[in-house]
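Enquirer: Below is the file upload38.tsv, with TSV, C-alpha atoms and all ligand atoms.
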```
chain	number	residue	atom	x	y	z
A	1	MET	CA	74.24	-12.44	141.79
A	2	GLU	CA	70.84	-11.59	140.39
A	3	PHE	CA	70.40	-15.24	139.34
A	4	VAL	CA	71.26	-16.47	142.84
A	5	SER	CA	68.83	-13.97	144.31
A	6	GLN	CA	66.10	-15.08	141.88
A	7	GLN	CA	66.78	-18.71	142.77
A	8	PHE	CA	66.62	-17.90	146.47
A	9	ASN	CA	63.42	-15.91	146.13
A	10	SER	CA	61.78	-18.60	144.06
A	11	THR	CA	62.87	-21.26	146.56
A	12	VAL	CA	61.47	-19.32	149.48
A	13	GLY	CA	58.40	-18.41	147.45
A	14	SER	CA	57.80	-21.99	146.43
A	15	LEU	CA	58.06	-23.17	150.00
A	16	LEU	CA	55.51	-20.60	151.09
A	17	ASN	CA	53.13	-20.88	148.19
A	18	PRO	CA	54.56	-23.26	145.61
A	19	ALA	CA	51.90	-23.41	142.94
A	20	THR	CA	51.61	-19.69	142.42
A	21	THR	CA	55.23	-18.71	141.77
A	22	HIS	CA	55.96	-17.18	138.37
A	23	LEU	CA	58.82	-19.62	137.83
A	24	ALA	CA	56.50	-22.58	138.38
A	25	ALA	CA	54.00	-21.21	135.90
A	26	ASP	CA	56.76	-20.57	133.35
A	27	LEU	CA	58.01	-24.16	133.50
A	28	TYR	CA	55.13	-25.56	131.45
A	29	LYS	CA	53.92	-22.56	129.50
A	30	ASN	CA	54.71	-24.34	126.20
A	31	THR	CA	53.53	-27.82	127.28
A	32	ASP	CA	50.13	-29.31	126.63
A	33	LEU	CA	49.57	-30.76	130.09
A	34	ALA	CA	46.28	-32.38	129.06
A	35	SER	CA	48.07	-34.73	126.63
A	36	LEU	CA	50.36	-36.27	129.28
A	37	ASN	CA	50.10	-39.74	130.79
A	38	VAL	CA	49.66	-40.26	134.54
A	39	PHE	CA	53.42	-40.54	135.23
A	40	GLU	CA	54.25	-37.43	133.24
A	41	LYS	CA	51.49	-35.52	135.05
A	42	ALA	CA	52.88	-36.62	138.43
A	43	TRP	CA	56.35	-35.52	137.27
A	44	ALA	CA	55.05	-32.07	136.25
A	45	ASP	CA	53.12	-31.80	139.54
A	46	TRP	CA	56.34	-32.39	141.49
A	47	TYR	CA	58.13	-29.57	139.69
A	48	LEU	CA	55.10	-27.27	139.94
A	49	TYR	CA	54.89	-27.98	143.66
A	50	TRP	CA	58.48	-26.92	144.35
A	51	GLY	CA	58.56	-24.22	141.71
A	52	ASN	CA	62.35	-24.40	141.52
A	53	PRO	CA	63.87	-27.11	139.27
A	54	VAL	CA	67.24	-27.13	141.10
A	55	LEU	CA	65.56	-27.74	144.44
A	56	ALA	CA	63.00	-30.20	143.04
A	57	THR	CA	65.67	-32.22	141.20
A	58	GLY	CA	68.13	-32.15	144.10
A	59	ILE	CA	65.56	-33.46	146.58
A	60	MET	CA	64.26	-36.13	144.17
A	61	SER	CA	67.80	-37.32	143.30
A	62	PHE	CA	68.96	-37.63	146.90
A	63	VAL	CA	65.76	-39.26	148.20
A	64	LEU	CA	65.79	-41.71	145.28
A	65	HIS	CA	69.40	-42.65	146.01
A	66	GLU	CA	68.72	-43.25	149.73
A	67	LEU	CA	65.50	-45.21	149.16
A	68	VAL	CA	67.03	-47.47	146.52
A	69	TYR	CA	70.35	-47.99	148.34
A	70	PHE	CA	68.91	-48.99	151.70
A	71	GLY	CA	65.75	-50.50	150.20
A	72	ARG	CA	67.82	-52.86	148.06
A	73	ALA	CA	70.12	-53.73	150.98
A	74	ILE	CA	67.23	-54.82	153.27
A	75	PRO	CA	66.48	-58.16	151.50
A	76	TRP	CA	70.20	-59.05	151.82
A	77	ILE	CA	70.15	-58.24	155.56
A	78	ILE	CA	67.16	-60.61	155.92
A	79	ILE	CA	68.87	-63.32	153.83
A	80	ASP	CA	71.99	-63.03	156.00
A	81	ALA	CA	69.81	-63.76	159.04
A	82	MET	CA	68.41	-66.96	157.46
A	83	PRO	CA	70.56	-70.09	158.06
A	84	SER	CA	68.71	-71.87	155.22
A	85	MET	CA	70.32	-69.43	152.75
A	86	ARG	CA	73.86	-70.33	153.83
A	87	LYS	CA	74.24	-72.89	151.06
A	88	TYR	CA	74.10	-70.05	148.52
A	89	LYS	CA	76.68	-67.88	150.36
A	90	LEU	CA	79.94	-67.63	148.44
A	91	GLN	CA	82.02	-67.48	151.63
A	92	ASP	CA	79.67	-69.43	153.87
A	93	ASP	CA	81.95	-69.22	156.92
A	94	LYS	CA	81.86	-65.41	156.89
A	95	VAL	CA	78.37	-64.11	157.60
A	96	PRO	CA	78.28	-60.41	158.60
A	97	THR	CA	77.35	-59.75	162.22
A	98	PRO	CA	74.69	-57.13	163.13
A	99	GLU	CA	77.53	-55.02	164.63
A	100	GLN	CA	79.43	-55.05	161.34
A	101	GLN	CA	76.27	-54.12	159.43
A	102	TRP	CA	75.45	-51.28	161.81
A	103	LYS	CA	79.00	-49.90	161.66
A	104	CYS	CA	78.84	-50.01	157.88
A	105	THR	CA	75.39	-48.32	157.80
A	106	LYS	CA	76.60	-45.43	159.98
A	107	TYR	CA	79.66	-44.84	157.80
A	108	VAL	CA	77.68	-45.05	154.54
A	109	LEU	CA	75.04	-42.62	155.87
A	110	LEU	CA	77.74	-40.14	156.90
A	111	SER	CA	79.34	-40.49	153.46
A	112	HIS	CA	75.98	-39.98	151.72
A	113	PHE	CA	75.26	-36.74	153.58
A	114	THR	CA	78.77	-35.28	153.41
A	115	VAL	CA	80.40	-36.58	150.21
A	116	GLU	CA	77.59	-37.72	147.94
A	117	LEU	CA	74.98	-35.05	148.69
A	118	PRO	CA	77.03	-32.18	147.15
A	119	GLN	CA	77.87	-34.42	144.17
A	120	ILE	CA	74.26	-35.42	143.59
A	121	TRP	CA	73.06	-31.86	144.09
A	122	SER	CA	75.56	-30.30	141.70
A	123	PHE	CA	75.16	-32.96	138.99
A	124	HIS	CA	71.89	-31.55	137.70
A	125	PRO	CA	72.83	-27.83	137.35
A	126	ILE	CA	76.11	-28.79	135.64
A	127	CYS	CA	74.36	-31.15	133.23
A	128	GLU	CA	71.52	-28.72	132.65
A	129	TYR	CA	74.15	-26.25	131.50
A	130	PHE	CA	75.01	-28.82	128.82
A	131	GLY	CA	71.35	-29.40	127.91
A	132	LEU	CA	69.97	-32.00	130.33
A	133	ALA	CA	66.17	-32.06	130.41
A	134	THR	CA	64.70	-32.24	133.92
A	135	HIS	CA	61.21	-30.84	134.45
A	136	GLU	CA	60.37	-31.28	130.77
A	137	VAL	CA	57.57	-33.62	129.78
A	138	PRO	CA	56.64	-35.78	127.89
A	139	PHE	CA	59.35	-38.32	128.64
A	140	PRO	CA	61.63	-39.67	125.87
A	141	HIS	CA	60.60	-42.82	123.99
A	142	TRP	CA	61.58	-46.05	125.82
A	143	THR	CA	63.89	-47.14	122.97
A	144	LYS	CA	65.98	-44.00	123.43
A	145	ILE	CA	66.08	-44.57	127.20
A	146	ALA	CA	67.22	-48.18	126.59
A	147	TRP	CA	70.14	-47.44	124.23
A	148	GLN	CA	71.36	-44.52	126.31
A	149	ILE	CA	71.42	-46.70	129.46
A	150	GLY	CA	73.22	-49.42	127.46
A	151	LEU	CA	75.95	-46.87	126.66
A	152	PHE	CA	76.20	-45.83	130.31
A	153	PHE	CA	76.68	-49.47	131.34
A	154	LEU	CA	79.48	-49.93	128.79
A	155	PHE	CA	81.24	-46.69	129.73
A	156	GLU	CA	80.98	-47.25	133.49
A	157	ASP	CA	82.26	-50.80	133.28
A	158	ALA	CA	85.33	-49.79	131.26
A	159	PHE	CA	86.03	-46.71	133.41
A	160	HIS	CA	85.62	-48.70	136.61
A	161	TYR	CA	87.90	-51.49	135.41
A	162	TRP	CA	90.86	-49.14	134.85
A	163	ALA	CA	90.19	-46.75	137.75
A	164	HIS	CA	89.67	-49.66	140.16
A	165	ARG	CA	92.81	-51.37	138.89
A	166	ALA	CA	94.73	-48.12	139.45
A	167	LEU	CA	93.33	-47.94	142.99
A	168	HIS	CA	95.08	-51.25	143.67
A	169	TRP	CA	98.46	-49.65	142.99
A	170	GLY	CA	100.41	-49.50	146.31
A	171	PRO	CA	100.09	-45.89	147.51
A	172	LEU	CA	96.54	-45.45	146.17
A	173	TYR	CA	95.49	-48.73	147.75
A	174	LYS	CA	97.05	-47.87	151.09
A	175	HIS	CA	95.60	-44.36	151.36
A	176	ILE	CA	92.26	-44.74	149.52
A	177	HIS	CA	90.99	-48.15	148.41
A	178	LYS	CA	91.92	-50.11	151.56
A	179	LYS	CA	88.81	-48.75	153.26
A	180	HIS	CA	86.53	-50.54	150.77
A	181	HIS	CA	88.47	-53.77	151.30
A	182	GLU	CA	87.91	-53.76	155.06
A	183	TYR	CA	85.29	-56.45	154.43
A	184	SER	CA	86.90	-59.49	152.79
A	185	ALA	CA	83.45	-61.11	152.65
A	186	PRO	CA	81.22	-58.22	151.52
A	187	PHE	CA	77.50	-57.72	152.08
A	188	GLY	CA	74.93	-55.51	150.32
A	189	LEU	CA	75.30	-52.47	152.59
A	190	ALA	CA	79.07	-52.39	151.96
A	191	ALA	CA	78.67	-51.44	148.27
A	192	GLU	CA	79.37	-47.75	149.00
A	193	TYR	CA	81.57	-48.32	152.05
A	194	ALA	CA	84.56	-46.43	150.69
A	195	HIS	CA	86.99	-43.56	151.24
A	196	PRO	CA	85.54	-40.16	150.15
A	197	LEU	CA	88.13	-39.90	147.35
A	198	GLU	CA	87.12	-43.32	146.04
A	199	VAL	CA	83.48	-42.19	146.00
A	200	LEU	CA	84.56	-39.20	143.90
A	201	ILE	CA	86.85	-41.15	141.56
A	202	LEU	CA	84.61	-44.16	140.88
A	203	GLY	CA	81.50	-41.94	140.90
A	204	MET	CA	82.91	-40.34	137.73
A	205	GLY	CA	82.29	-43.65	135.96
A	206	THR	CA	78.62	-43.53	136.93
A	207	ILE	CA	77.91	-39.89	136.07
A	208	GLY	CA	80.59	-39.51	133.36
A	209	GLY	CA	78.48	-41.33	130.74
A	210	PRO	CA	75.38	-39.13	131.21
A	211	PHE	CA	77.60	-36.06	131.45
A	212	MET	CA	79.35	-36.72	128.11
A	213	LEU	CA	76.22	-37.85	126.28
A	214	CYS	CA	74.52	-34.68	127.43
A	215	ALA	CA	77.45	-32.47	126.40
A	216	PHE	CA	77.75	-34.02	122.92
A	217	THR	CA	74.15	-34.72	121.94
A	218	LYS	CA	72.13	-32.29	124.11
A	219	ASP	CA	69.55	-35.05	124.15
A	220	LEU	CA	69.19	-36.60	127.60
A	221	HIS	CA	66.36	-36.58	130.11
A	222	ILE	CA	67.07	-36.93	133.83
A	223	LEU	CA	64.48	-39.74	133.99
A	224	THR	CA	66.92	-41.83	131.91
A	225	VAL	CA	69.70	-40.93	134.37
A	226	TYR	CA	67.47	-41.96	137.29
A	227	ILE	CA	66.70	-45.36	135.73
A	228	TRP	CA	70.43	-45.81	135.10
A	229	ILE	CA	71.31	-44.90	138.70
A	230	VAL	CA	68.68	-47.34	140.05
A	231	LEU	CA	70.04	-50.17	137.87
A	232	ARG	CA	73.63	-49.28	138.80
A	233	LEU	CA	72.76	-49.32	142.52
A	234	PHE	CA	71.06	-52.71	142.12
A	235	GLN	CA	74.16	-53.98	140.31
A	236	ALA	CA	76.57	-52.65	142.96
A	237	ILE	CA	74.58	-53.86	145.98
A	238	ASP	CA	73.89	-57.28	144.47
A	239	ALA	CA	77.57	-57.65	143.51
A	240	HIS	CA	78.46	-57.10	147.19
A	241	SER	CA	75.66	-59.34	148.52
A	242	GLY	CA	77.94	-62.37	148.90
A	243	TYR	CA	75.31	-64.74	147.45
A	244	ASP	CA	75.14	-66.68	144.23
A	245	PHE	CA	71.75	-68.29	143.57
A	246	PRO	CA	70.92	-70.61	140.66
A	247	ILE	CA	68.71	-67.78	139.36
A	248	SER	CA	71.44	-65.10	139.75
A	249	MET	CA	71.91	-63.14	136.53
A	250	HIS	CA	75.40	-64.40	135.70
A	251	ASN	CA	74.01	-67.96	135.54
A	252	TRP	CA	71.86	-67.07	132.55
A	253	ILE	CA	73.84	-64.09	131.14
A	254	PRO	CA	77.42	-65.50	131.03
A	255	PHE	CA	79.14	-62.12	130.62
A	256	TRP	CA	77.35	-60.54	133.62
A	257	ALA	CA	79.81	-60.25	136.53
A	258	GLY	CA	77.50	-60.44	139.57
A	259	ALA	CA	78.40	-61.34	143.15
A	260	ASP	CA	80.30	-64.44	142.05
A	261	HIS	CA	82.88	-62.19	140.36
A	262	HIS	CA	83.14	-59.31	142.85
A	263	ASP	CA	82.99	-61.47	145.97
A	264	TYR	CA	86.17	-63.15	144.72
A	265	HIS	CA	87.80	-59.70	144.36
A	266	HIS	CA	87.11	-58.96	148.03
A	267	GLN	CA	88.25	-62.42	149.10
A	268	ALA	CA	91.50	-62.43	147.09
A	269	PHE	CA	92.22	-58.63	147.00
A	270	VAL	CA	93.38	-58.93	143.37
A	271	GLY	CA	91.76	-59.63	139.99
A	272	CYS	CA	88.14	-59.20	138.85
A	273	TYR	CA	88.25	-55.39	138.78
A	274	SER	CA	85.21	-54.61	136.63
A	275	THR	CA	81.65	-53.99	137.80
A	276	SER	CA	78.92	-55.16	135.43
A	277	PHE	CA	80.61	-57.29	132.78
A	278	ARG	CA	83.34	-59.91	132.65
A	279	TRP	CA	84.96	-59.03	129.34
A	280	TRP	CA	87.60	-56.52	130.51
A	281	ASP	CA	89.00	-58.95	133.10
A	282	SER	CA	88.83	-61.77	130.61
A	283	PHE	CA	90.56	-59.73	127.87
A	284	MET	CA	93.29	-58.42	130.21
A	285	GLY	CA	93.80	-61.77	131.94
A	286	THR	CA	92.99	-60.40	135.39
A	287	ASP	CA	90.48	-63.15	136.09
A	288	LEU	CA	92.83	-66.15	135.77
A	289	SER	CA	93.23	-66.73	139.51
A	290	TYR	CA	89.45	-66.37	139.89
A	291	LYS	CA	88.86	-69.01	137.20
A	292	ARG	CA	91.37	-71.38	138.81
A	293	ALA	CA	89.81	-70.88	142.27
A	294	ARG	CA	86.29	-71.54	140.97
A	295	ALA	CA	87.50	-74.63	139.06
A	296	ARG	CA	89.10	-75.98	142.27
A	297	GLN	CA	85.86	-75.33	144.19
A	298	ALA	CA	83.79	-77.11	141.53
A	299	GLU	CA	86.16	-80.11	141.60
A	300	LYS	CA	86.00	-80.26	145.41
A	301	LYS	CA	82.21	-80.14	145.27
A	302	ARG	CA	82.16	-82.90	142.64
A	303	GLN	CA	84.46	-85.10	144.75
A	304	ALA	CA	82.35	-84.49	147.87
A	305	LEU	CA	79.17	-85.48	145.99
A	306	GLU	CA	80.90	-88.57	144.58
A	307	GLY	CA	82.12	-89.49	148.09
A	308	SER	CA	78.67	-89.18	149.64
A	309	ALA	CA	77.11	-91.16	146.77
A	310	LYS	CA	79.67	-93.97	147.33
A	311	ALA	CA	79.01	-93.91	151.08
A	312	ALA	CA	75.25	-94.16	150.48
A	313	THR	CA	75.75	-97.14	148.12
A	314	ALA	CA	78.02	-98.95	150.64
A	315	LYS	CA	75.45	-98.37	153.38
A	316	ALA	CA	72.65	-99.77	151.20
A	317	GLN	CA	74.68	-102.94	150.56
B	401	ZN	ZN	89.37	-53.41	144.97
B	402	ZN	ZN	83.62	-53.98	146.35
```
If you took the structure in this file and wrote it as structure tokens, what would it be?

Expert:
Amino acid sequence: MEFVSQQFNSTVGSLLNPATTHLAADLYKNTDLASLNVFEKAWADWYLYWGNPVLATGIMSFVLHELVYFGRAIPWIIIDAMPSMRKYKLQDDKVPTPEQQWKCTKYVLLSHFTVELPQIWSFHPICEYFGLATHEVPFPHWTKIAWQIGLFFLFEDAFHYWAHRALHWGPLYKHIHKKHHEYSAPFGLAAEYAHPLEVLILGMGTIGGPFMLCAFTKDLHILTVYIWIVLRLFQAIDAHSGYDFPISMHNWIPFWAGADHHDYHHQAFVGCYSTSFRWWDSFMGTDLSYKRARARQAEKKRQALEGSAKAATAKAQ
């Protein structure tokens, strides 16, 4: 009770006069602020401003999520409005209408404020209990950030593969996952268009990695988690974009799933269950129908090109 009261007082205090609260001053009493780089100084300033790490982290986490989610979806909305981009659309006869996009945006916003906000807000205090660093500066070395994010990618992909596959089991599909499959030709904004329980279940794959790493090693900074979340959001939104460009990642990283993989999942309702990588589907044989469908498409395209080349030759003669 005393802790809650202290938290409340510090929150109120920080809002009234942030820089002078005792808690704010205590945050960096053992840190040499003069030795920090410009980003670390800005980080410390943010925490000193709010004076309360729970509040400062909660606000930063939620705002970051909203900015990245909708910010990353905007280029896809613009691309959908450009007829010249149609040749790169995986299901070129199914372009989302503005009404569909608006309906999706409203639902996602409601879900963010009701389902995801408490999750995002409670993530930090729970992890801090297990040793997550938040206001602390300097930041970890970039090599540590890189290998930790690599682990999160591997864990999330495996977790998602099995959890998503389970969500396709009759009763779970009918009551939970069907919502996400409302769009058989997805678009960027639809990445988090899902039933609240699905958000909770699949969200465990995203935060489970940081949570376990933190619990076992006590060596994780929230900056690393933020970079992971940003990359994961980019991955999810791009996978739902519905577009496959010659420069798309899976064309130069063969095991990257990308939109080509997940768009098929929405189109066919089965197979291609993983998020970032192709190996789980490949290993479990859940991508066979996808491979056959893409082979048929490639053959059709080849025949069409051959036909038009023959027609051009006949015309020239
Ligand atoms: Zn599904
Ligand atoms: Zn999806």

Enquirer: May I ask you to write as a list in words all residues lying at most 8 Å from ligand ZN 401 (chain B), with all atoms listed in the file counted?

Expert: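 What falls inside 8 Å of ligand ZN 401 (chain B) is His164, Arg165, Leu167, His168, His177, Lys178, His180, His181, His265, His266, Phe269, Val270 and Tyr273 of chain A.
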
Enquirer: Between A:Ser184, A:Ser248, A:Thr224, A:Thr114, single out the one closest to ligand ZN 402 (chain B), counting only C-alpha atoms and all ligand atoms.

Expert: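 Smallest separation from ligand ZN 402 (chain B) among the options: A:Ser184.
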
Enquirer: At a cut-off of 12 Å, using all atoms listed in the file, what residues contact Arg294 of chain A? Leave out same-chain residues fewer than 3 positions from it and give the result as a PyMOL selection string.

Expert: chain A and resi 90+260-261+263-264+287-291+297-301

Enquirer: With C-alpha atoms retained, export the selected residues as an mmCIF file, in the frame of the given file.

Expert:
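Generated file (again_2.cif):
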```cif
data_model
loop_
_atom_site.group_PDB
_atom_site.id
_atom_site.type_symbol
_atom_site.label_atom_id
_atom_site.label_comp_id
_atom_site.auth_asym_id
_atom_site.auth_seq_id
_atom_site.Cartn_x
_atom_site.Cartn_y
_atom_site.Cartn_z
ATOM 1 C CA LEU A 90 79.940 -67.630 148.440
ATOM 2 C CA ASP A 260 80.300 -64.440 142.050
ATOM 3 C CA HIS A 261 82.880 -62.190 140.360
ATOM 4 C CA ASP A 263 82.990 -61.470 145.970
ATOM 5 C CA TYR A 264 86.170 -63.150 144.720
ATOM 6 C CA ASP A 287 90.480 -63.150 136.090
ATOM 7 C CA LEU A 288 92.830 -66.150 135.770
ATOM 8 C CA SER A 289 93.230 -66.730 139.510
ATOM 9 C CA TYR A 290 89.450 -66.370 139.890
ATOM 10 C CA LYS A 291 88.860 -69.010 137.200
ATOM 11 C CA GLN A 297 85.860 -75.330 144.190
ATOM 12 C CA ALA A 298 83.790 -77.110 141.530
ATOM 13 C CA GLU A 299 86.160 -80.110 141.600
ATOM 14 C CA LYS A 300 86.000 -80.260 145.410
ATOM 15 C CA LYS A 301 82.210 -80.140 145.270
#
```

Enquirer: Quick one: pull the distance between atom CA of Leu233 of chain A and atom CA of Ala191 of chain A, Å, one decimal.

Expert: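 Separation of atom CA of Leu233 of chain A and atom CA of Ala191 of chain A: 8.5 Å.
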
Enquirer: Between A:Glu182, A:Glu116, A:Glu40, A:Asp45, single out the one closest to ligand ZN 402 (chain B), counting only C-alpha atoms and all ligand atoms.

Expert: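 Answer, going by the shortest atom-to-atom distance: A:Glu182.
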